[in-house]
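To start, the structure under review is shown below, and the notes come after it.
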Amino acid sequence: MKDTFLGFTDNFARSDLICENLHCLPMRRRRPRDDAHRISADDRHSTPRVRRSVRSRRRDESRRTQHFARARPNASTSDMHAFTMRASAMKTPVAKMTSRSRSATRRQGAVVVRAAAATDAETGIKKMREGIKEAASENLLTPRFYTTDFDEMERLFSTEINPNLDETEINAILNEFREDFNQKHFVRNDEFKAAADQIKGEPRRIFIEFLERSCTAEFSGFLLYKELGRRLKKTAPAVAEIFTLMSRDEARHAGFLNKAMSDFNLALDLGFLTKNRQYTFFQPKFIMYATYLSEKIGYWRYISIYRHLQANPDEQLYPLFKYFENWCQDENRHGDFFSAILKARPELINTTEAKLWSRFFCLSVYVTMYLNDHGRSEFYESLGLDTTQFNMHVIHQTNKTTALIFPQVIDTYNPEFKARLDKLVGVNTQLQAIGKGEGSEIMKNLQKAPLIATFAGELIGLLAMAPVDAGSIDLTGVPESDPSFMY
């Protein structure tokens, strides 16, 4: 299964969608060549029938360069530089390269790579090469790429195995996705670049980090949904099409965010991330819990920022946020789809085990957001938001929405909940300070050990809090007048 998924990511890295929608480096497919061109470099110089003079090879090389210029009038400087490097390398036949010339070529390539791995002069952000940001280091709080057991997913959505799947509701959701309400929504204008140029210094760096995290999260959703859409075509065509259309939305979001990063003269190489980032394996049921929560919390984050800036237009630093009202509806529709899927699998939402996993994933998502946002309070303050108030508002609203489907949720209104979150922020700040400080790794680990123990204790305390019983009215039968339903 792992090999299958890696094969998918490798094929995806060459797809047109990356090139056009996601602003990655273009990857050209080569046209089929005749038999003479298929002969290896060694044979080309040893076979009389295809022997060519030095002058002939140089003439053809010149023609290829001219063809490149005609075919790619908008090619970037880095593209042309890469082509020039390949062209110059071809001037020395591979068969006639000595060991010294090969090592010299490798050294030259190494020099080019080291020269390109510079930093942005204004923000100090590391670059892979000119205009391309080096991806942030992965840790427990960074957005992840996910994979799952796709064979089990096929069984999960098979109407023969899963008779509870409401095809009427699925088809209704599918028709809504087909409408593509935001098809013409993500259209940029001249305001973007002008606004980006006005953001300077530390706020600029923090803004780029926000865009990168958001882009990576959206792109992660695209990869997962795209593969699910491909794998479910035979067993559940309607569900497969929904996943494919959701991947369309996520690709659109990721591309829009990556283009926004380019306003700051940096962008992500999403093709490189596809092939080189680590993938976290989740069982299908965990994928359901996690993606439902991520879509719903994304909705509440986007709509809350949008409403705040509508009420305070002077805080609108960048026009990206003007798109959040329609944008968040994509997130909401995605979450509603997962809600329908969860209801079709009662064992995922009405057992004791389901209650424990529901609380665990709620806590994981809430804690991750709280720690991440408090580590970047300057960003939210630049928008006129109080980071703590914003986070608690989003958590409360997401929890209320989640209570309509999950059998149990965290009691976010319990004062103990926020108190423990604040303690986690303090411990996390100390851990980061130790990590950035001087000293050996052994000493750092010794300093971190009691803090990690404290961190784990606070998490256990949050899980041990009395939960709130909840769940879908379709399954629990709780009347709408009951306070637990209104939570």
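Chains: A, B, ... in order of the structure tokens. Residues: from 1 per chain. Ligands: from 1, in order shown.
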Secondary structure check, strand (DSSP E or B) residues of segment 159-373 of chain A, as JSON, numbers by chain
{"A": [267, 279, 280, 281]}
Only C-alpha atoms, please: the residues just picked out, written as an mmCIF file, in the first residue's frame.
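Output (result.cif):
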data_model
loop_
_atom_site.group_PDB
_atom_site.id
_atom_site.type_symbol
_atom_site.label_atom_id
_atom_site.label_comp_id
_atom_site.auth_asym_id
_atom_site.auth_seq_id
_atom_site.Cartn_x
_atom_site.Cartn_y
_atom_site.Cartn_z
ATOM 1 C CA ALA A 267 6.643 30.618 -3.048
ATOM 2 C CA TYR A 279 3.366 11.049 4.983
ATOM 3 C CA THR A 280 1.560 10.173 8.224
ATOM 4 C CA PHE A 281 -0.535 6.995 8.127
#
Quick one: residues within 9 Å of Arg205 of chain A, only C-alpha atoms counted, chain neighbours fewer than 5 positions away excluded, as a VMD selection string?
chain A and resid 122 to 125 200 210
All residues 8 Å or closer to Val365 of chain A, only C-alpha atoms, same chain fewer than 4 positions away omitted, as a count of residues only
5
Residue contacts of Thr412 of chain A (12 Å, only C-alpha atoms) excluding same-chain residues fewer than 2 positions away, as an mmCIF file with C-alpha atoms, in the first residue's frame:
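Output below, filename part_39.cif:
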data_model
loop_
_atom_site.group_PDB
_atom_site.id
_atom_site.type_symbol
_atom_site.label_atom_id
_atom_site.label_comp_id
_atom_site.auth_asym_id
_atom_site.auth_seq_id
_atom_site.Cartn_x
_atom_site.Cartn_y
_atom_site.Cartn_z
ATOM 1 C CA ARG A 359 -12.709 13.647 22.526
ATOM 2 C CA CYS A 362 -11.236 17.398 19.398
ATOM 3 C CA LEU A 363 -8.516 17.993 21.959
ATOM 4 C CA TYR A 366 -7.924 22.583 19.592
ATOM 5 C CA VAL A 367 -4.541 22.315 21.342
ATOM 6 C CA ASN A 391 -8.883 31.187 19.501
ATOM 7 C CA MET A 392 -11.474 30.632 22.207
ATOM 8 C CA HIS A 393 -14.238 31.950 19.945
ATOM 9 C CA VAL A 394 -13.203 29.557 17.155
ATOM 10 C CA ILE A 395 -12.906 26.626 19.580
ATOM 11 C CA HIS A 396 -16.329 27.257 21.129
ATOM 12 C CA GLN A 397 -18.046 27.549 17.746
ATOM 13 C CA THR A 398 -16.279 24.513 16.293
ATOM 14 C CA ASN A 399 -17.143 22.492 19.394
ATOM 15 C CA LYS A 400 -20.819 23.403 19.096
ATOM 16 C CA ALA A 403 -21.441 18.286 18.965
ATOM 17 C CA VAL A 409 -16.983 16.647 22.907
ATOM 18 C CA ILE A 410 -14.726 18.629 25.227
ATOM 19 C CA ASN A 414 -15.188 24.768 31.741
ATOM 20 C CA PRO A 415 -12.643 27.306 33.171
ATOM 21 C CA GLU A 416 -10.210 24.425 33.655
ATOM 22 C CA PHE A 417 -10.034 23.973 29.875
ATOM 23 C CA LYS A 418 -8.616 27.424 29.135
ATOM 24 C CA ALA A 419 -6.383 27.381 32.215
ATOM 25 C CA ARG A 420 -4.695 24.190 31.061
ATOM 26 C CA LEU A 421 -4.350 25.523 27.509
ATOM 27 C CA LEU A 462 -7.659 17.874 29.656
ATOM 28 C CA LEU A 463 -8.679 14.392 28.508
ATOM 29 C CA MET A 465 -12.194 16.472 32.235
ATOM 30 C CA ALA A 466 -15.872 15.580 32.328
ATOM 31 C CA PRO A 467 -17.024 15.547 28.680
ATOM 32 C CA VAL A 468 -20.255 16.798 27.153
ATOM 33 C CA TYR A 487 -24.805 22.817 23.176
#
Pull the closest atom pair for each residue of segment 110-194 of chain A that gets at most 9 Å from segment 235-244 of chain A, along with the distance in Å to one decimal, counting only C-alpha atoms, ordering rows by chain and then ascending residue number, as CSV.
residue,atom,partner,partner_atom,distance
A:Glu154,CA,A:Thr235,CA,6.2
A:Arg155,CA,A:Thr235,CA,7.8
A:Phe157,CA,A:Ala236,CA,6.1
A:Ser158,CA,A:Thr235,CA,5.3
A:Thr159,CA,A:Ala236,CA,7.2
A:Glu160,CA,A:Thr235,CA,8.9
A:Glu167,CA,A:Ala238,CA,8.5
A:Ile170,CA,A:Val239,CA,7.1
A:Asn171,CA,A:Ala238,CA,6.8
A:Ile173,CA,A:Ile242,CA,7.9
A:Leu174,CA,A:Ile242,CA,5.7
A:Phe177,CA,A:Ile242,CA,7.0
A:Arg178,CA,A:Ile242,CA,8.5
